[in-house]
Amino acid sequence: MKRAWIVVYVASVAVGLALWRLAPSRWGLEFPQAILIGSALYFGALHRYTLRATAGAGTNRWVGWGALLLGLIPRAGLFLALVGLQAFACYEWMPGADVRGGFVISATWLVSLSLIDSPPVTKEPRAL
């Protein structure tokens with residue numbers, strides 16, 4: 001399961017594309033935003049868990065995938081609930097407010113966390 005992250009990332013982008021198609025047209029979401037939602041889902045909610053859960057994966061792939069999904073589903077659900085709440089706040093409850101600046105900063109923060117703050121590598125202690 002070394003490359004499980006690729007499958008999880010592709011699934012996350014597919015979820016972003018599905019949300020884009022399901023969103024009301026009056027919101028004016030575009031294709032790049034769908035890709036960004038899917039990428040944010042992966043890097044914000046699923047990336048670290050995926051790497052941790054697959055680091056010591058055994059030989060039984062199906063048990064490994066089942067255990068991985070049991071951890072991914074609640075994380076994805078929480079992330080998507082937050083996305084939905086923010087979308088309704090921005091597009092329905094206060095459509096005249098310009099909140100793009102906050103989203104740019106938060107998106108930058110999220111991407112930088114995933115790229116800069118990589119998971120810690122366990123090092124063996126040095127012999128003195």
# chains A, B, ... in the order shown; residues from 1 in each chain; ligands from 1

$ residues_around --residues "segment 38-48 of chain A" --least-positions-apart "6" --cutoff "6 Å" --atoms "only C-alpha atoms" --output "MDAnalysis selection string"
chainID A and resid 9 12:13 16 75 114

$ atom_distance --atom1 "atom CA of Ala89 of chain A" --atom2 "atom CA of Phe103 of chain A"
12.7 Å

$ atom_distance --atom1 "atom CA of Asp98 of chain A" --atom2 "atom CA of Arg26 of chain A"
15.9 Å

$ closest_residue --among "A:Gly66, A:Gly84, A:Gly71, A:Gly96" --to "Ala23 of chain A" --atoms "only C-alpha atoms"
A:Gly84

$ atom_distance --atom1 "atom CA of Ser25 of chain A" --atom2 "atom CA of Ile105 of chain A"
25.2 Å

$ closest_residue --among "A:Ala76, A:Val83, A:Ala4, A:Leu110" --to "Thr54 of chain A" --atoms "only C-alpha atoms"
A:Ala4

$ closest_residue --among "A:Phe79, A:Trp65, A:Phe31, A:Trp93" --to "Ala14 of chain A" --atoms "only C-alpha atoms"
A:Phe31

$ residues_around --residues "Trp20 of chain A" --least-positions-apart "4" --cutoff "9 Å" --atoms "only C-alpha atoms" --output "list of chain:residue names"
A:Val15, A:Gly16, A:Pro24, A:Leu29, A:Glu30, A:Phe31, A:Gln33, A:Ala34, A:Ile35, A:Ile37

$ select_by_dssp --residues "segment 9-97 of chain A" --states "helix (DSSP H, G or I)" --output "MDAnalysis selection string"
chainID A and resid 9:22 25:27 31:55 61:93

$ write_last_selection --atoms "C-alpha atoms" --output "short mmCIF file (atom, residue, chain, number, x, y, z; two decimals), in the first residue's frame"
data_model
loop_
_atom_site.label_atom_id
_atom_site.label_comp_id
_atom_site.auth_asym_id
_atom_site.auth_seq_id
_atom_site.Cartn_x
_atom_site.Cartn_y
_atom_site.Cartn_z
CA TYR A 9 -5.93 11.76 -3.79
CA VAL A 10 -7.69 10.79 -7.04
CA ALA A 11 -10.81 9.86 -5.04
CA SER A 12 -10.64 13.23 -3.26
CA VAL A 13 -10.47 15.10 -6.56
CA ALA A 14 -13.42 13.01 -7.81
CA VAL A 15 -15.39 14.09 -4.71
CA GLY A 16 -14.50 17.71 -5.50
CA LEU A 17 -15.74 17.28 -9.07
CA ALA A 18 -18.98 15.67 -7.83
CA LEU A 19 -19.58 18.56 -5.44
CA TRP A 20 -18.99 21.02 -8.28
CA ARG A 21 -21.63 19.29 -10.40
CA LEU A 22 -24.08 19.14 -7.47
CA SER A 25 -25.43 27.03 -10.72
CA ARG A 26 -26.11 30.40 -9.06
CA TRP A 27 -22.98 29.86 -6.96
CA PHE A 31 -13.81 23.59 -12.76
CA PRO A 32 -10.56 24.82 -11.12
CA GLN A 33 -12.47 25.34 -7.88
CA ALA A 34 -13.64 21.72 -8.03
CA ILE A 35 -10.05 20.56 -8.34
CA LEU A 36 -9.08 22.86 -5.46
CA ILE A 37 -11.86 21.46 -3.24
CA GLY A 38 -10.74 17.90 -3.95
CA SER A 39 -7.09 18.75 -3.37
CA ALA A 40 -7.94 20.57 -0.15
CA LEU A 41 -9.92 17.53 0.99
CA TYR A 42 -6.90 15.32 0.49
CA PHE A 43 -4.17 17.63 1.79
CA GLY A 44 -6.23 19.15 4.58
CA ALA A 45 -8.05 16.16 5.98
CA LEU A 46 -6.68 12.92 4.58
CA HIS A 47 -2.99 13.25 3.72
CA ARG A 48 -1.35 12.71 7.09
CA TYR A 49 -3.76 9.98 8.11
CA THR A 50 -3.20 8.15 4.82
CA LEU A 51 0.57 8.25 5.22
CA ARG A 52 0.42 7.15 8.87
CA ALA A 53 -2.09 4.37 8.23
CA THR A 54 -0.18 2.91 5.29
CA ALA A 55 3.34 3.26 6.73
CA ARG A 61 -4.36 -5.56 1.02
CA TRP A 62 -8.10 -5.83 1.58
CA VAL A 63 -7.88 -5.63 5.36
CA GLY A 64 -5.51 -2.69 4.94
CA TRP A 65 -7.91 -0.86 2.62
CA GLY A 66 -10.84 -1.55 4.92
CA ALA A 67 -9.01 -0.14 7.92
CA LEU A 68 -7.87 2.83 5.88
CA LEU A 69 -11.42 3.60 4.76
CA LEU A 70 -12.70 3.39 8.33
CA GLY A 71 -10.36 6.23 9.21
CA LEU A 72 -10.80 8.26 6.03
CA ILE A 73 -14.60 8.39 5.94
CA PRO A 74 -15.15 10.32 9.20
CA ARG A 75 -12.33 12.74 8.37
CA ALA A 76 -13.72 13.37 4.90
CA GLY A 77 -17.23 13.76 6.33
CA LEU A 78 -16.09 16.41 8.80
CA PHE A 79 -14.16 18.26 6.11
CA LEU A 80 -17.12 18.20 3.71
CA ALA A 81 -19.47 19.41 6.46
CA LEU A 82 -17.16 22.38 7.03
CA VAL A 83 -16.98 23.07 3.29
CA GLY A 84 -20.77 22.94 3.06
CA LEU A 85 -21.20 25.30 5.99
CA GLN A 86 -18.74 27.78 4.52
CA ALA A 87 -20.33 27.53 1.07
CA PHE A 88 -23.79 28.23 2.44
CA ALA A 89 -22.45 31.13 4.51
CA CYS A 90 -20.73 32.68 1.50
CA TYR A 91 -23.18 31.97 -1.30
CA GLU A 92 -26.55 31.93 0.45
CA TRP A 93 -26.45 33.83 3.73
#

$ decode --residues "segment 4-23 of chain A" --atoms "N, CA and C atoms" --output "PDB file, in the first residue's frame"
ATOM      1  N   ALA A   4      -0.869   4.131  -1.844  1.00  0.00           N
ATOM      2  CA  ALA A   4      -2.290   4.314  -1.530  1.00  0.00           C
ATOM      3  C   ALA A   4      -2.678   5.789  -1.577  1.00  0.00           C
ATOM      4  N   TRP A   5      -1.728   6.663  -1.290  1.00  0.00           N
ATOM      5  CA  TRP A   5      -2.033   8.087  -1.289  1.00  0.00           C
ATOM      6  C   TRP A   5      -2.524   8.553  -2.660  1.00  0.00           C
ATOM      7  N   ILE A   6      -2.014   7.929  -3.713  1.00  0.00           N
ATOM      8  CA  ILE A   6      -2.433   8.325  -5.064  1.00  0.00           C
ATOM      9  C   ILE A   6      -3.913   8.004  -5.261  1.00  0.00           C
ATOM     10  N   VAL A   7      -4.322   6.835  -4.833  1.00  0.00           N
ATOM     11  CA  VAL A   7      -5.728   6.430  -4.954  1.00  0.00           C
ATOM     12  C   VAL A   7      -6.608   7.354  -4.125  1.00  0.00           C
ATOM     13  N   VAL A   8      -6.168   7.669  -2.912  1.00  0.00           N
ATOM     14  CA  VAL A   8      -6.954   8.535  -2.029  1.00  0.00           C
ATOM     15  C   VAL A   8      -7.028   9.951  -2.611  1.00  0.00           C
ATOM     16  N   TYR A   9      -5.925  10.431  -3.187  1.00  0.00           N
ATOM     17  CA  TYR A   9      -5.932  11.761  -3.795  1.00  0.00           C
ATOM     18  C   TYR A   9      -6.878  11.812  -4.996  1.00  0.00           C
ATOM     19  N   VAL A  10      -6.812  10.828  -5.859  1.00  0.00           N
ATOM     20  CA  VAL A  10      -7.691  10.788  -7.036  1.00  0.00           C
ATOM     21  C   VAL A  10      -9.152  10.723  -6.589  1.00  0.00           C
ATOM     22  N   ALA A  11      -9.444   9.930  -5.566  1.00  0.00           N
ATOM     23  CA  ALA A  11     -10.810   9.860  -5.042  1.00  0.00           C
ATOM     24  C   ALA A  11     -11.241  11.205  -4.467  1.00  0.00           C
ATOM     25  N   SER A  12     -10.331  11.911  -3.811  1.00  0.00           N
ATOM     26  CA  SER A  12     -10.645  13.226  -3.257  1.00  0.00           C
ATOM     27  C   SER A  12     -10.976  14.225  -4.366  1.00  0.00           C
ATOM     28  N   VAL A  13     -10.196  14.208  -5.428  1.00  0.00           N
ATOM     29  CA  VAL A  13     -10.475  15.101  -6.561  1.00  0.00           C
ATOM     30  C   VAL A  13     -11.818  14.732  -7.199  1.00  0.00           C
ATOM     31  N   ALA A  14     -12.120  13.441  -7.276  1.00  0.00           N
ATOM     32  CA  ALA A  14     -13.423  13.012  -7.811  1.00  0.00           C
ATOM     33  C   ALA A  14     -14.566  13.526  -6.933  1.00  0.00           C
ATOM     34  N   VAL A  15     -14.372  13.534  -5.623  1.00  0.00           N
ATOM     35  CA  VAL A  15     -15.387  14.091  -4.715  1.00  0.00           C
ATOM     36  C   VAL A  15     -15.545  15.585  -4.985  1.00  0.00           C
ATOM     37  N   GLY A  16     -14.432  16.286  -5.171  1.00  0.00           N
ATOM     38  CA  GLY A  16     -14.503  17.714  -5.502  1.00  0.00           C
ATOM     39  C   GLY A  16     -15.263  17.966  -6.795  1.00  0.00           C
ATOM     40  N   LEU A  17     -15.023  17.138  -7.801  1.00  0.00           N
ATOM     41  CA  LEU A  17     -15.744  17.276  -9.070  1.00  0.00           C
ATOM     42  C   LEU A  17     -17.234  16.982  -8.897  1.00  0.00           C
ATOM     43  N   ALA A  18     -17.566  15.993  -8.080  1.00  0.00           N
ATOM     44  CA  ALA A  18     -18.976  15.669  -7.827  1.00  0.00           C
ATOM     45  C   ALA A  18     -19.665  16.826  -7.112  1.00  0.00           C
ATOM     46  N   LEU A  19     -18.989  17.422  -6.143  1.00  0.00           N
ATOM     47  CA  LEU A  19     -19.576  18.563  -5.436  1.00  0.00           C
ATOM     48  C   LEU A  19     -19.794  19.743  -6.380  1.00  0.00           C
ATOM     49  N   TRP A  20     -18.865  19.939  -7.286  1.00  0.00           N
ATOM     50  CA  TRP A  20     -18.987  21.016  -8.276  1.00  0.00           C
ATOM     51  C   TRP A  20     -20.228  20.811  -9.134  1.00  0.00           C
ATOM     52  N   ARG A  21     -20.463  19.577  -9.565  1.00  0.00           N
ATOM     53  CA  ARG A  21     -21.632  19.288 -10.399  1.00  0.00           C
ATOM     54  C   ARG A  21     -22.936  19.398  -9.613  1.00  0.00           C
ATOM     55  N   LEU A  22     -22.879  19.098  -8.312  1.00  0.00           N
ATOM     56  CA  LEU A  22     -24.077  19.139  -7.475  1.00  0.00           C
ATOM     57  C   LEU A  22     -24.397  20.538  -6.946  1.00  0.00           C
ATOM     58  N   ALA A  23     -23.417  21.425  -6.945  1.00  0.00           N
ATOM     59  CA  ALA A  23     -23.634  22.779  -6.418  1.00  0.00           C
ATOM     60  C   ALA A  23     -24.607  23.542  -7.302  1.00  0.00           C
TER      61      ALA A  23
END
